[in-house]
Every structure is written in structure tokens, then in C-alpha cells.
$ cat data33.csv   # CSV, C-alpha atoms and all ligand atoms
chain,number,residue,atom,x,y,z
A,1,ARG,CA,-24.6,-13.3,-1.2
A,2,PRO,CA,-23.2,-13.2,-4.7
A,3,GLY,CA,-24.2,-16.0,-7.1
A,4,ASN,CA,-22.1,-17.5,-9.8
A,5,THR,CA,-22.4,-14.4,-11.9
A,6,VAL,CA,-20.1,-12.6,-9.5
A,7,ALA,CA,-17.5,-15.2,-8.5
A,8,THR,CA,-14.3,-15.3,-10.6
A,9,ALA,CA,-11.6,-17.8,-11.2
A,10,SER,CA,-8.4,-16.6,-9.6
A,11,THR,CA,-5.4,-15.9,-11.8
A,12,SER,CA,-1.7,-15.3,-11.2
A,13,VAL,CA,0.2,-12.3,-12.5
A,14,GLU,CA,3.9,-11.9,-13.1
A,15,PHE,CA,6.1,-9.1,-14.0
A,16,VAL,CA,9.3,-10.5,-15.5
A,17,ASP,CA,12.3,-8.2,-15.6
A,18,VAL,CA,10.2,-5.3,-16.8
A,19,THR,CA,12.0,-2.1,-17.8
A,20,ARG,CA,10.2,1.0,-19.1
A,21,VAL,CA,12.2,3.9,-20.3
A,22,PHE,CA,10.7,7.3,-21.2
A,23,GLY,CA,13.4,9.3,-22.9
A,24,LYS,CA,15.9,10.0,-20.1
A,25,THR,CA,13.6,8.7,-17.4
A,26,THR,CA,13.7,5.0,-16.4
A,27,ALA,CA,10.2,4.5,-14.8
A,28,LEU,CA,10.8,0.8,-14.2
A,29,ALA,CA,14.1,-1.0,-14.0
A,30,GLY,CA,14.3,-4.8,-13.9
A,31,PHE,CA,11.0,-5.0,-12.1
A,32,THR,CA,10.1,-8.6,-11.2
A,33,LEU,CA,7.1,-9.5,-9.1
A,34,GLU,CA,4.8,-12.5,-8.7
A,35,ILE,CA,1.2,-12.0,-7.6
A,36,LYS,CA,-0.6,-15.1,-6.4
A,37,PRO,CA,-4.1,-16.1,-7.5
A,38,GLY,CA,-6.7,-14.4,-5.4
A,39,GLU,CA,-4.2,-12.2,-3.7
A,40,LEU,CA,-4.8,-8.4,-3.0
A,41,LEU,CA,-1.4,-6.9,-3.6
A,42,ALA,CA,-0.6,-3.2,-3.1
A,43,LEU,CA,2.1,-1.4,-5.1
A,44,LEU,CA,3.3,1.2,-2.6
A,45,GLY,CA,6.0,3.9,-3.0
A,46,PRO,CA,6.6,7.6,-3.2
A,47,SER,CA,5.6,9.8,-6.1
A,48,GLY,CA,7.4,8.9,-9.3
A,49,CYS,CA,8.6,5.4,-8.2
A,50,GLY,CA,6.9,3.7,-11.1
A,51,LYS,CA,3.7,2.3,-9.5
A,52,THR,CA,1.3,3.8,-12.1
A,53,THR,CA,3.6,2.7,-14.9
A,54,ALA,CA,3.6,-0.9,-13.6
A,55,LEU,CA,-0.2,-0.9,-13.4
A,56,ARG,CA,-0.6,0.6,-16.9
A,57,ILE,CA,1.7,-2.0,-18.3
A,58,LEU,CA,-0.3,-4.7,-16.6
A,59,ALA,CA,-3.6,-3.3,-17.9
A,60,GLY,CA,-2.1,-3.0,-21.4
A,61,PHE,CA,-2.3,0.8,-21.7
A,62,ASP,CA,1.5,0.9,-22.0
A,63,ASN,CA,4.2,-1.6,-23.2
A,64,PRO,CA,7.5,-2.4,-21.4
A,65,THR,CA,10.7,-1.4,-23.2
A,66,THR,CA,12.0,-4.8,-22.3
A,67,GLY,CA,10.6,-7.7,-20.2
A,68,SER,CA,7.2,-9.3,-20.1
A,69,VAL,CA,4.0,-9.6,-18.2
A,70,LEU,CA,2.3,-13.0,-17.6
A,71,VAL,CA,-1.3,-13.5,-16.6
A,72,GLY,CA,-2.4,-17.0,-15.6
A,73,GLY,CA,1.0,-18.1,-16.8
A,74,GLY,CA,0.4,-16.8,-20.3
A,75,ASP,CA,2.4,-14.0,-21.9
A,76,VAL,CA,0.1,-11.0,-22.4
A,77,THR,CA,2.8,-8.4,-23.2
A,78,ARG,CA,1.7,-7.9,-26.8
A,79,ILE,CA,-2.1,-8.4,-26.1
A,80,PRO,CA,-4.1,-5.2,-26.5
A,81,VAL,CA,-6.0,-3.6,-23.6
A,82,ASN,CA,-9.5,-4.8,-24.7
A,83,LYS,CA,-8.4,-8.4,-24.9
A,84,ARG,CA,-6.9,-8.7,-21.4
A,85,ASP,CA,-10.1,-8.9,-19.3
A,86,MET,CA,-8.9,-6.4,-16.7
A,87,GLY,CA,-11.4,-4.6,-14.5
A,88,MET,CA,-10.2,-1.1,-13.6
A,89,VAL,CA,-11.1,1.6,-11.1
A,90,PHE,CA,-9.4,5.0,-11.3
A,91,GLN,CA,-9.0,7.8,-8.8
A,92,SER,CA,-11.6,10.0,-10.5
A,93,TYR,CA,-15.0,8.5,-10.7
A,94,SER,CA,-15.2,8.0,-14.5
A,95,LEU,CA,-18.8,6.9,-14.5
A,96,PHE,CA,-21.1,7.8,-17.4
A,97,PRO,CA,-23.0,10.8,-16.1
A,98,THR,CA,-26.2,10.2,-18.2
A,99,MET,CA,-26.6,6.6,-17.1
A,100,THR,CA,-28.1,5.2,-13.9
A,101,ALA,CA,-25.9,3.2,-11.5
A,102,ARG,CA,-27.4,0.0,-12.9
A,103,ASP,CA,-26.7,1.0,-16.5
A,104,ASN,CA,-23.2,2.0,-15.7
A,105,VAL,CA,-22.6,-1.4,-14.2
A,106,ALA,CA,-24.4,-3.2,-17.1
A,107,PHE,CA,-22.4,-1.3,-19.7
A,108,GLY,CA,-19.5,-3.7,-20.0
A,109,LEU,CA,-21.9,-6.6,-20.3
A,110,GLN,CA,-23.7,-4.8,-23.2
A,111,LEU,CA,-20.4,-4.7,-25.0
A,112,ARG,CA,-20.1,-8.4,-24.5
A,113,LYS,CA,-23.5,-8.9,-26.1
A,114,GLN,CA,-25.2,-10.4,-23.1
A,115,PRO,CA,-29.1,-10.4,-23.1
A,116,ALA,CA,-30.8,-7.5,-21.4
A,117,THR,CA,-32.5,-9.5,-18.6
A,118,LYS,CA,-29.1,-11.1,-17.7
A,119,ARG,CA,-27.4,-7.8,-17.7
A,120,ARG,CA,-30.0,-6.3,-15.4
A,121,GLN,CA,-29.8,-9.2,-13.0
A,122,THR,CA,-25.9,-9.2,-12.9
A,123,ALA,CA,-25.8,-5.4,-12.4
A,124,GLY,CA,-28.4,-5.6,-9.6
A,125,GLU,CA,-26.5,-8.4,-7.9
A,126,LEU,CA,-23.2,-6.4,-8.1
A,127,LEU,CA,-24.8,-3.2,-6.8
A,128,GLU,CA,-26.1,-5.3,-3.9
A,129,LEU,CA,-22.6,-6.7,-3.3
A,130,VAL,CA,-21.2,-3.2,-3.1
A,131,GLY,CA,-23.9,-2.0,-0.7
A,132,LEU,CA,-25.9,0.1,-3.3
A,133,GLY,CA,-28.9,-2.2,-3.7
A,134,ALA,CA,-31.2,0.8,-2.8
A,135,HIS,CA,-29.6,3.1,-5.3
A,136,THR,CA,-29.6,1.3,-8.6
A,137,ASP,CA,-31.7,3.9,-10.4
A,138,LYS,CA,-29.8,6.9,-9.3
A,139,TYR,CA,-27.5,8.9,-11.6
A,140,PRO,CA,-23.9,9.6,-10.7
A,141,HIS,CA,-24.6,13.2,-9.6
A,142,GLN,CA,-27.2,11.9,-7.1
A,143,LEU,CA,-24.5,9.8,-5.4
A,144,SER,CA,-21.7,10.7,-3.0
A,145,GLY,CA,-18.1,10.3,-4.0
A,146,GLY,CA,-17.8,7.1,-2.0
A,147,GLN,CA,-21.0,5.7,-3.6
A,148,GLN,CA,-19.7,6.6,-7.1
A,149,GLN,CA,-16.5,4.6,-6.4
A,150,ARG,CA,-18.7,1.6,-5.3
A,151,VAL,CA,-20.5,1.8,-8.6
A,152,ALA,CA,-17.1,2.0,-10.4
A,153,LEU,CA,-16.0,-1.1,-8.5
A,154,ALA,CA,-19.2,-3.0,-9.4
A,155,ARG,CA,-18.8,-2.0,-13.0
A,156,ALA,CA,-15.2,-3.2,-13.0
A,157,LEU,CA,-16.3,-6.6,-11.5
A,158,ALA,CA,-19.2,-7.0,-13.9
A,159,ILE,CA,-17.1,-8.3,-16.7
A,160,GLN,CA,-15.7,-11.0,-14.3
A,161,PRO,CA,-12.2,-9.7,-14.9
A,162,ARG,CA,-9.2,-12.0,-14.6
A,163,VAL,CA,-7.5,-9.2,-12.6
A,164,LEU,CA,-8.9,-6.2,-10.8
A,165,LEU,CA,-6.7,-3.0,-11.0
A,166,LEU,CA,-7.3,-0.2,-8.6
A,167,ASP,CA,-5.4,3.0,-9.3
A,168,GLU,CA,-5.5,5.2,-6.1
A,169,PRO,CA,-9.2,4.5,-5.9
A,170,LEU,CA,-9.7,6.2,-2.6
A,171,SER,CA,-7.4,9.3,-2.9
A,172,ALA,CA,-10.3,11.7,-3.9
A,173,LEU,CA,-12.4,10.8,-0.8
A,174,ASP,CA,-12.4,12.2,2.6
A,175,ALA,CA,-10.7,10.3,5.5
A,176,LYS,CA,-13.9,8.8,7.0
A,177,VAL,CA,-15.3,7.5,3.7
A,178,ARG,CA,-11.8,6.3,2.7
A,179,GLU,CA,-11.5,4.1,5.7
A,180,GLN,CA,-15.0,2.6,5.2
A,181,LEU,CA,-14.4,1.9,1.6
A,182,ARG,CA,-11.0,0.4,2.3
A,183,ASP,CA,-12.7,-2.3,4.5
A,184,GLU,CA,-15.5,-2.7,1.9
A,185,ILE,CA,-13.1,-3.2,-1.0
A,186,ARG,CA,-11.2,-5.8,1.1
A,187,ARG,CA,-14.5,-7.6,2.0
A,188,ILE,CA,-15.7,-7.6,-1.6
A,189,GLN,CA,-12.4,-8.7,-3.0
A,190,THR,CA,-12.3,-11.6,-0.6
A,191,GLU,CA,-15.8,-12.6,-1.4
A,192,VAL,CA,-15.3,-12.4,-5.2
A,193,GLY,CA,-11.8,-14.0,-5.0
A,194,VAL,CA,-10.4,-11.9,-7.8
A,195,THR,CA,-6.7,-11.2,-8.0
A,196,THR,CA,-6.3,-7.5,-7.3
A,197,VAL,CA,-3.5,-5.0,-7.6
A,198,ILE,CA,-4.0,-1.6,-5.9
A,199,VAL,CA,-1.7,1.3,-6.5
A,200,THR,CA,-1.3,3.7,-3.5
A,201,HIS,CA,1.1,6.1,-2.0
A,202,ASP,CA,-0.6,5.8,1.4
A,203,GLN,CA,1.2,3.3,3.6
A,204,GLU,CA,-1.7,3.0,6.0
A,205,GLU,CA,-4.0,2.1,3.1
A,206,ALA,CA,-1.6,-0.5,1.7
A,207,LEU,CA,-0.8,-2.1,5.1
A,208,SER,CA,-4.5,-2.3,6.2
A,209,MET,CA,-5.9,-3.7,2.9
A,210,ALA,CA,-3.3,-5.9,1.3
A,211,ASP,CA,-2.2,-9.5,1.7
A,212,ARG,CA,1.2,-8.4,0.5
A,213,VAL,CA,2.7,-5.0,-0.2
A,214,ALA,CA,5.3,-4.4,-2.9
A,215,VAL,CA,7.4,-1.4,-1.9
A,216,MET,CA,8.9,0.4,-4.8
A,217,ASN,CA,11.6,3.0,-5.0
A,218,ALA,CA,13.0,4.6,-8.2
A,219,GLY,CA,11.6,2.0,-10.6
A,220,ARG,CA,12.7,-0.9,-8.5
A,221,LEU,CA,11.1,-3.4,-6.2
A,222,GLU,CA,12.6,-2.9,-2.7
A,223,GLN,CA,10.7,-5.6,-0.9
A,224,CYS,CA,7.5,-7.6,-1.3
A,225,ALA,CA,6.1,-9.1,1.9
A,226,THR,CA,3.1,-9.2,4.2
A,227,PRO,CA,2.4,-6.0,6.1
A,228,ALA,CA,3.6,-7.6,9.3
A,229,GLU,CA,6.9,-8.8,7.7
A,230,LEU,CA,7.5,-5.4,6.2
A,231,TYR,CA,7.1,-3.7,9.5
A,232,ALA,CA,9.1,-6.1,11.6
A,233,ARG,CA,11.8,-7.1,9.1
A,234,PRO,CA,12.3,-4.4,6.5
A,235,ALA,CA,14.8,-5.6,4.0
A,236,THR,CA,16.3,-2.2,3.3
A,237,VAL,CA,16.6,1.2,5.0
A,238,PHE,CA,14.2,2.6,2.5
A,239,VAL,CA,11.5,0.2,3.4
A,240,ALA,CA,12.2,0.7,7.1
A,241,GLU,CA,11.6,4.4,6.8
A,242,PHE,CA,8.8,4.3,4.3
A,243,VAL,CA,6.7,1.9,6.3
A,244,GLY,CA,5.9,3.3,9.7
A,245,THR,CA,8.1,5.7,11.8
A,246,MET,CA,11.7,5.1,12.6
A,247,ASN,CA,14.2,6.7,15.0
A,248,HIS,CA,17.8,7.0,13.9
A,249,ILE,CA,20.0,6.5,16.9
A,250,SER,CA,23.8,6.8,16.8
A,251,GLY,CA,25.9,4.0,18.3
A,252,VAL,CA,29.2,2.3,18.1
A,253,ALA,CA,29.9,-1.2,16.7
A,254,GLU,CA,31.2,-3.7,19.3
A,255,ASP,CA,32.4,-7.3,18.8
A,256,GLY,CA,30.3,-10.3,17.7
A,257,GLY,CA,27.4,-8.4,16.0
A,258,PHE,CA,26.7,-6.2,18.9
A,259,VAL,CA,26.4,-2.4,19.1
A,260,ARG,CA,26.5,0.0,22.0
A,261,VAL,CA,23.6,2.5,21.7
A,262,LEU,CA,22.1,4.7,24.4
A,263,GLY,CA,24.5,3.0,26.9
A,264,GLN,CA,23.1,-0.4,26.1
A,265,ARG,CA,24.7,-3.4,24.4
A,266,LEU,CA,22.4,-4.8,21.9
A,267,GLN,CA,22.6,-7.6,19.3
A,268,ILE,CA,21.7,-6.5,15.9
A,269,ASP,CA,20.9,-7.9,12.5
A,270,GLY,CA,22.9,-6.5,9.7
A,271,ALA,CA,26.4,-6.3,8.2
A,272,ALA,CA,29.3,-6.8,10.6
A,273,ARG,CA,31.2,-3.6,11.4
A,274,ALA,CA,34.7,-3.1,12.6
A,275,VAL,CA,34.8,-2.6,16.4
A,276,GLY,CA,34.6,1.1,17.3
A,277,ASP,CA,33.0,2.1,14.0
A,278,PRO,CA,30.1,4.6,14.3
A,279,VAL,CA,26.8,3.1,13.3
A,280,LYS,CA,23.2,4.2,13.0
A,281,VAL,CA,20.5,2.0,14.4
A,282,LEU,CA,16.9,2.2,13.3
A,283,VAL,CA,14.3,1.7,16.1
A,284,ARG,CA,10.5,1.9,16.1
A,285,PRO,CA,8.9,4.4,18.6
A,286,GLU,CA,7.1,1.4,20.3
A,287,ALA,CA,10.5,-0.3,20.9
A,288,VAL,CA,11.7,2.7,23.0
A,289,THR,CA,10.8,2.5,26.7
A,290,VAL,CA,10.8,5.6,28.9
A,291,ARG,CA,11.4,5.8,32.7
A,292,ALA,CA,11.1,8.8,34.9
A,293,GLY,CA,14.4,10.4,36.0
A,294,GLY,CA,17.6,10.6,34.0
A,295,ASP,CA,19.6,12.9,31.7
A,296,TRP,CA,17.0,13.0,28.9
A,297,THR,CA,14.2,15.5,28.7
A,298,VAL,CA,10.7,15.3,27.4
A,299,VAL,CA,10.5,18.1,24.7
A,300,GLY,CA,7.3,17.2,23.0
A,301,SER,CA,4.2,15.1,23.2
A,302,ASN,CA,1.7,14.0,20.5
A,303,PHE,CA,-1.6,12.5,21.6
A,304,ARG,CA,-2.4,9.6,19.3
A,305,GLY,CA,-5.4,8.0,20.9
A,306,ALA,CA,-4.4,4.7,22.6
A,307,THR,CA,-0.8,5.9,22.9
A,308,THR,CA,1.1,9.2,23.2
A,309,ARG,CA,4.3,9.7,21.2
A,310,LEU,CA,6.8,11.5,23.4
A,311,LEU,CA,9.7,13.4,21.9
A,312,VAL,CA,12.7,13.0,24.1
A,313,SER,CA,16.0,14.8,23.7
A,314,ARG,CA,19.5,15.2,25.3
A,315,ASP,CA,22.1,17.9,24.8
A,316,GLY,CA,20.2,19.4,21.9
A,317,GLU,CA,20.3,16.3,19.8
A,318,PRO,CA,17.5,15.5,17.4
A,319,PRO,CA,14.6,14.1,19.5
A,320,ILE,CA,13.9,10.4,19.7
A,321,ARG,CA,10.3,9.3,19.5
A,322,ALA,CA,8.9,6.9,22.0
A,323,ASP,CA,5.3,5.6,22.2
A,324,VAL,CA,4.0,5.3,25.8
A,325,THR,CA,0.6,4.7,27.3
A,326,VAL,CA,-1.6,7.8,27.8
A,327,HIS,CA,-1.4,7.0,31.5
A,328,GLN,CA,2.3,7.1,31.5
A,329,ALA,CA,2.4,10.3,29.4
A,330,ALA,CA,0.3,12.0,32.1
A,331,ASP,CA,3.1,11.5,34.6
A,332,LEU,CA,5.7,12.8,32.1
A,333,PRO,CA,4.9,16.4,31.2
A,334,MET,CA,7.1,18.6,29.1
A,335,GLY,CA,10.5,19.2,30.7
A,336,SER,CA,10.4,15.9,32.7
A,337,PRO,CA,13.8,14.2,33.1
A,338,VAL,CA,13.7,10.6,31.8
A,339,THR,CA,15.8,7.6,30.8
A,340,LEU,CA,15.4,5.8,27.5
A,341,MET,CA,15.7,2.0,27.1
A,342,LEU,CA,15.6,0.1,23.8
A,343,ALA,CA,13.8,-3.2,23.5
A,344,ASP,CA,16.4,-5.8,22.7
A,345,ARG,CA,15.6,-5.8,19.0
A,346,PRO,CA,16.7,-2.7,17.1
A,347,VAL,CA,15.3,-3.1,13.7
A,348,LEU,CA,18.2,-2.4,11.3
A,349,LEU,CA,21.6,-1.0,11.0
A,350,ALA,CA,21.6,1.9,8.6
A,351,GLN,CA,23.7,1.1,5.5
B,401,LIG,P1,2.6,9.1,-8.7
B,401,LIG,O1,2.3,8.5,-7.3
B,401,LIG,O2,3.1,10.5,-8.6
B,401,LIG,O3,1.6,8.8,-9.7
B,401,LIG,P2,4.1,6.8,-9.7
B,401,LIG,O4,4.9,6.0,-8.7
B,401,LIG,O5,2.8,6.3,-10.2
B,401,LIG,O6,4.0,8.3,-9.2
B,401,LIG,P3,4.9,6.8,-12.5
B,401,LIG,O7,3.7,7.6,-12.9
B,401,LIG,O8,4.8,5.4,-12.8
B,401,LIG,O9,5.1,7.0,-10.9
B,401,LIG,O10,6.1,7.5,-13.1
B,401,LIG,C1,7.5,7.0,-12.9
B,401,LIG,C2,8.4,7.9,-13.7
B,401,LIG,O11,8.2,7.9,-15.1
B,401,LIG,C3,8.3,9.4,-13.3
B,401,LIG,O12,9.5,10.0,-13.2
B,401,LIG,C4,7.4,10.0,-14.4
B,401,LIG,O13,7.7,11.3,-14.6
B,401,LIG,C5,7.9,9.1,-15.6
B,401,LIG,N1,6.8,9.0,-16.6
B,401,LIG,C6,5.7,8.3,-16.4
B,401,LIG,N2,5.0,8.3,-17.6
B,401,LIG,C7,5.7,9.0,-18.5
B,401,LIG,C8,5.5,9.4,-19.8
B,401,LIG,N3,4.4,9.0,-20.5
B,401,LIG,N4,6.4,10.2,-20.4
B,401,LIG,C9,7.5,10.5,-19.8
B,401,LIG,N5,7.8,10.2,-18.5
B,401,LIG,C10,6.9,9.5,-17.8
$ encode --input "data33.csv" --output "C-alpha cells"
Amino acid sequence: RPGNTVATASTSVEFVDVTRVFGKTTALAGFTLEIKPGELLALLGPSGCGKTTALRILAGFDNPTTGSVLVGGGDVTRIPVNKRDMGMVFQSYSLFPTMTARDNVAFGLQLRKQPATKRRQTAGELLELVGLGAHTDKYPHQLSGGQQQRVALARALAIQPRVLLLDEPLSALDAKVREQLRDEIRRIQTEVGVTTVIVTHDQEEALSMADRVAVMNAGRLEQCATPAELYARPATVFVAEFVGTMNHISGVAEDGGFVRVLGQRLQIDGAARAVGDPVKVLVRPEAVTVRAGGDWTVVGSNFRGATTRLLVSRDGEPPIRADVTVHQAADLPMGSPVTLMLADRPVLLAQ
């Protein structure tokens, strides 16, 4: 268990109408986001959406063209990097190769002029916290990639940062280690209580780790919500498609906020349409039910462990994906005729 040396006071973070322009590129456009004290927030979005720019501006490596950044309610926009008390972990390991794990972790404390015994003790405690208590005297080249990232995390926490910033910290690791370290980072972050921002382009990583996920697109915030909310109630088509898998199914608008889709009449959230207008409905694979017999055909099948994702098509239309139990999939081999039913909650009407 960590002592007082490890615990941090939690701090809020705010981006207020931040815009960052690089020549002709607008990397961030009116970006506003509030991060709560102690929260683990993921910035998620496709390459080039502005995640790294937002993180760099928060760290102080870059300045907004307009707008401001608040930490703990205070404006830090003009405060230099070394005065912001941010802990950072990058994608590449960035440890000092000639220093042991313990010395790497103690390094930031040395700069802060702490006495040697205190530095050793804090570094030891932090390495214990990240599960490397038995490796304190090893050099980076004697540690695996995952272990090196644990040291980097311990080093970032050593200075008791106001905010912990993680820039794609798991991207260079293989899948198994990535998953382990994901859980570990979450555990450690909860234990330490430090407000944390992680940048990732990996939706699974964001959804599994974060308290809330800020989905970004072309320099703008699309939606910031808990993983469950993002999944169940995406605010935009972009979010609906970026988070999880979606089927696009064609339908026709009916009266009173209903649509007719796959022969069913379903109520739908979304803008009202004129009766008879063609619409597109977005439906998750798990909201599509499959029954044997009918004018659809099973054209593909992807084993996914607990479920199987069937691809089902009719008249050469693009296939609809439906998640079924492995047991059910066994009864529906390729070529089987089937019927599709939608759960009475299509996610969204495409705009
Ligand atoms: P990735 O996941 O690929 O790192 P990202 O979401 O982190 O992408 P940013 O690195 O923030 O995106 O970049 C946002 C946009 O700003 C991109 O179009 C990028 O080319 C541009 N950009 C970022 N930094 C600079 C810079 N120093 N000079 C010019 N353009 C830049």
C-alpha cells in the first residue's frame, strides 16, 4: 500500500474554447472540455483529430492560438512546462539507459532537491506500487517493454503531479502486455487518485480504462461521456460509428417518429422526417436477432469467443452483422435462410 509519499490531491482541468492553428491546419477548433478531479479521461479519435495537440497544450509543450487551459481553476495557459507539475508517460520508453529503475524514478525528485534517503524510499515505494519491487536495481535494457513503461509511470508519479498525462503509453506493446498494463494503470491511478488524461486511438483501450471518454473529430469535441453512455446513446453519427460496430440499414420514415425498417415499425430517437422519406438507421450487431428460415441468407460468420458475428444478406445488399450465441451459430451454417428482427431500439437515425 502506498504511503503519503504517493497519494496526490486531485485537481480539475479545463480546456476553454481552445483553438490551435498550424499554418493552414486547424488542429483544435473551439475545444472545450472539463475534467473532474481524480477522473481518468481518455481523448479518443482518429489520426489527426487533435488529441496530441490537446495533450501538448495541457502539458505546456505548445500554446493555444486562442483560448485557455485551467488547472485546479487557475489559468496555466502562459505557465511554462516545468512549472506545471505534470507527470508524463510517452509511447516510447524514454527512460535514462544508464540509470537503474530506482534512479530513473528518483530523478525527478533529485531535481526537486529532496534528500537522498527520501528519494530512495519514495522511488522504492513507487516501484512497489507498479509491481516492480523486485527489479529496482535493473537497467532499462534488462527490463521488458511493459516493465519499462511501469518504470516510466512510477517516474511520472514520483513528483506527485497535479495531472498525469499518458500519450499512447501502450501502443508499442504487444496485445497481451497491453491488456495487463491497461488494468494496472487503472488500478494505480485509482489508488493514487491523480487526475489523468490518456490519449489513444484505440477505442477498446479508451472504453475499458476511462471514467469518461472524449471523442474528437477534426479538432472538435464530438461527445464526452461515460463508456456506457457513448455506446448506448451516441450523440452523433461519428461517435456511433467510431465507438463499437454499427450496421447501416435503410428504411422509410413513417408518422409520429416511427420508421419502417426490415418490415418492422420502430420508434426512433432523432430528427422528425417527412412521411415516406428514405432514412438510414444505425443498429448495433447485438440488437439484431436472427431466426432460422426466411428470405435472408447467412453469407459469413466470424467466431468471436462468447458470440459469433453472422453476416446476413438479401438480394446482394451489403451484409448486416448480427451477434448470436455460438450455439445458435452452429445451427446456422453458411447459406442458411434466415429472418432478421431488430430490437425495439435502433440507435440513431443517420443525419
Ligand atoms: P495521431 O493519432 O496521428 O497522433 P492526433 O489526433 O494526435 O493524431 P495531432 O497530432 O494533434 O492529431 O494533429 C492534429 C492536426 O494538426 C494534424 O492535421 C497535424 O498534421 C497537425 N499538426 C500537429 N502538429 C503540427 C505542427 N507542429 N505543425 C503543423 N501541423 C501540425
$ residues_near_ligand --input "data33.csv" --ligand "ligand LIG 401 (chain B)" --cutoff "9 Å" --atoms "all atoms listed in the file" --output "PyMOL selection string"
chain A and resi 20-28+43-56+62+167-168+199-201+216-219
$ write_last_selection --input "data33.csv" --atoms "C-alpha atoms" --output "short mmCIF file (atom, residue, chain, number, x, y, z; two decimals), in the coordinates of the input"
data_model
loop_
_atom_site.label_atom_id
_atom_site.label_comp_id
_atom_site.auth_asym_id
_atom_site.auth_seq_id
_atom_site.Cartn_x
_atom_site.Cartn_y
_atom_site.Cartn_z
CA ARG A 20 10.20 1.00 -19.10
CA VAL A 21 12.20 3.90 -20.30
CA PHE A 22 10.70 7.30 -21.20
CA GLY A 23 13.40 9.30 -22.90
CA LYS A 24 15.90 10.00 -20.10
CA THR A 25 13.60 8.70 -17.40
CA THR A 26 13.70 5.00 -16.40
CA ALA A 27 10.20 4.50 -14.80
CA LEU A 28 10.80 0.80 -14.20
CA LEU A 43 2.10 -1.40 -5.10
CA LEU A 44 3.30 1.20 -2.60
CA GLY A 45 6.00 3.90 -3.00
CA PRO A 46 6.60 7.60 -3.20
CA SER A 47 5.60 9.80 -6.10
CA GLY A 48 7.40 8.90 -9.30
CA CYS A 49 8.60 5.40 -8.20
CA GLY A 50 6.90 3.70 -11.10
CA LYS A 51 3.70 2.30 -9.50
CA THR A 52 1.30 3.80 -12.10
CA THR A 53 3.60 2.70 -14.90
CA ALA A 54 3.60 -0.90 -13.60
CA LEU A 55 -0.20 -0.90 -13.40
CA ARG A 56 -0.60 0.60 -16.90
CA ASP A 62 1.50 0.90 -22.00
CA ASP A 167 -5.40 3.00 -9.30
CA GLU A 168 -5.50 5.20 -6.10
CA VAL A 199 -1.70 1.30 -6.50
CA THR A 200 -1.30 3.70 -3.50
CA HIS A 201 1.10 6.10 -2.00
CA MET A 216 8.90 0.40 -4.80
CA ASN A 217 11.60 3.00 -5.00
CA ALA A 218 13.00 4.60 -8.20
CA GLY A 219 11.60 2.00 -10.60
#
$ closest_residue --input "data33.csv" --among "A:Thr65, A:Gln267, A:Gln328, A:Thr339" --to "A:Gly294" --atoms "only C-alpha atoms"
A:Thr339
$ residues_around --input "data33.csv" --residues "stretch 87-96 of chain A" --least-positions-apart "3" --cutoff "9 Å" --atoms "all atoms listed in the file" --output "PyMOL selection string"
chain A and resi 59+99-101+103-104+139-140+145+148-149+151-153+155-172
$ write_last_selection --input "data33.csv" --atoms "C-alpha atoms" --output "mmCIF file, in the coordinates of the input"
data_model
loop_
_atom_site.group_PDB
_atom_site.id
_atom_site.type_symbol
_atom_site.label_atom_id
_atom_site.label_comp_id
_atom_site.auth_asym_id
_atom_site.auth_seq_id
_atom_site.Cartn_x
_atom_site.Cartn_y
_atom_site.Cartn_z
ATOM 1 C CA ALA A 59 -3.600 -3.300 -17.900
ATOM 2 C CA MET A 99 -26.600 6.600 -17.100
ATOM 3 C CA THR A 100 -28.100 5.200 -13.900
ATOM 4 C CA ALA A 101 -25.900 3.200 -11.500
ATOM 5 C CA ASP A 103 -26.700 1.000 -16.500
ATOM 6 C CA ASN A 104 -23.200 2.000 -15.700
ATOM 7 C CA TYR A 139 -27.500 8.900 -11.600
ATOM 8 C CA PRO A 140 -23.900 9.600 -10.700
ATOM 9 C CA GLY A 145 -18.100 10.300 -4.000
ATOM 10 C CA GLN A 148 -19.700 6.600 -7.100
ATOM 11 C CA GLN A 149 -16.500 4.600 -6.400
ATOM 12 C CA VAL A 151 -20.500 1.800 -8.600
ATOM 13 C CA ALA A 152 -17.100 2.000 -10.400
ATOM 14 C CA LEU A 153 -16.000 -1.100 -8.500
ATOM 15 C CA ARG A 155 -18.800 -2.000 -13.000
ATOM 16 C CA ALA A 156 -15.200 -3.200 -13.000
ATOM 17 C CA LEU A 157 -16.300 -6.600 -11.500
ATOM 18 C CA ALA A 158 -19.200 -7.000 -13.900
ATOM 19 C CA ILE A 159 -17.100 -8.300 -16.700
ATOM 20 C CA GLN A 160 -15.700 -11.000 -14.300
ATOM 21 C CA PRO A 161 -12.200 -9.700 -14.900
ATOM 22 C CA ARG A 162 -9.200 -12.000 -14.600
ATOM 23 C CA VAL A 163 -7.500 -9.200 -12.600
ATOM 24 C CA LEU A 164 -8.900 -6.200 -10.800
ATOM 25 C CA LEU A 165 -6.700 -3.000 -11.000
ATOM 26 C CA LEU A 166 -7.300 -0.200 -8.600
ATOM 27 C CA ASP A 167 -5.400 3.000 -9.300
ATOM 28 C CA GLU A 168 -5.500 5.200 -6.100
ATOM 29 C CA PRO A 169 -9.200 4.500 -5.900
ATOM 30 C CA LEU A 170 -9.700 6.200 -2.600
ATOM 31 C CA SER A 171 -7.400 9.300 -2.900
ATOM 32 C CA ALA A 172 -10.300 11.700 -3.900
#
$ atom_distance --input "data33.csv" --atom1 "atom CA of A:Val243" --atom2 "atom CA of A:Gln223"
11.1 Å
$ closest_residue --input "data33.csv" --among "A:Gly72, A:Gly67, A:Gly124, A:Pro115" --to "A:Arg102" --atoms "all atoms listed in the file"
A:Gly124
$ atom_distance --input "data33.csv" --atom1 "atom CA of A:Ala116" --atom2 "atom CA of A:Leu129"
19.9 Å
$ residues_around --input "data33.csv" --residues "A:Gly305" --least-positions-apart "4" --cutoff "12 Å" --atoms "only C-alpha atoms" --output "list in words"
Arg309, Asp323, Val324, Thr325, Val326, His327 and Ala329 of chain A
$ write_last_selection --input "data33.csv" --atoms "C-alpha atoms" --output "PDB file, in the frame of the given file"
ATOM      1  CA  ARG A 309       4.300   9.700  21.200  1.00  0.00           C
ATOM      2  CA  ASP A 323       5.300   5.600  22.200  1.00  0.00           C
ATOM      3  CA  VAL A 324       4.000   5.300  25.800  1.00  0.00           C
ATOM      4  CA  THR A 325       0.600   4.700  27.300  1.00  0.00           C
ATOM      5  CA  VAL A 326      -1.600   7.800  27.800  1.00  0.00           C
ATOM      6  CA  HIS A 327      -1.400   7.000  31.500  1.00  0.00           C
ATOM      7  CA  ALA A 329       2.400  10.300  29.400  1.00  0.00           C
TER       8      ALA A 329
END
$ closest_residue --input "data33.csv" --among "A:Gln180, A:Thr136, A:Thr297, A:Thr307" --to "A:Met209" --atoms "all atoms listed in the file"
A:Gln180
$ closest_residue --input "data33.csv" --among "A:Val259, A:Met341, A:Ile79, A:Val18" --to "A:Val288" --atoms "only C-alpha atoms"
A:Met341
$ closest_residue --input "data33.csv" --among "A:Gly244, A:Pro319, A:Val13, A:Phe31" --to "A:Val76" --atoms "only C-alpha atoms"
A:Val13
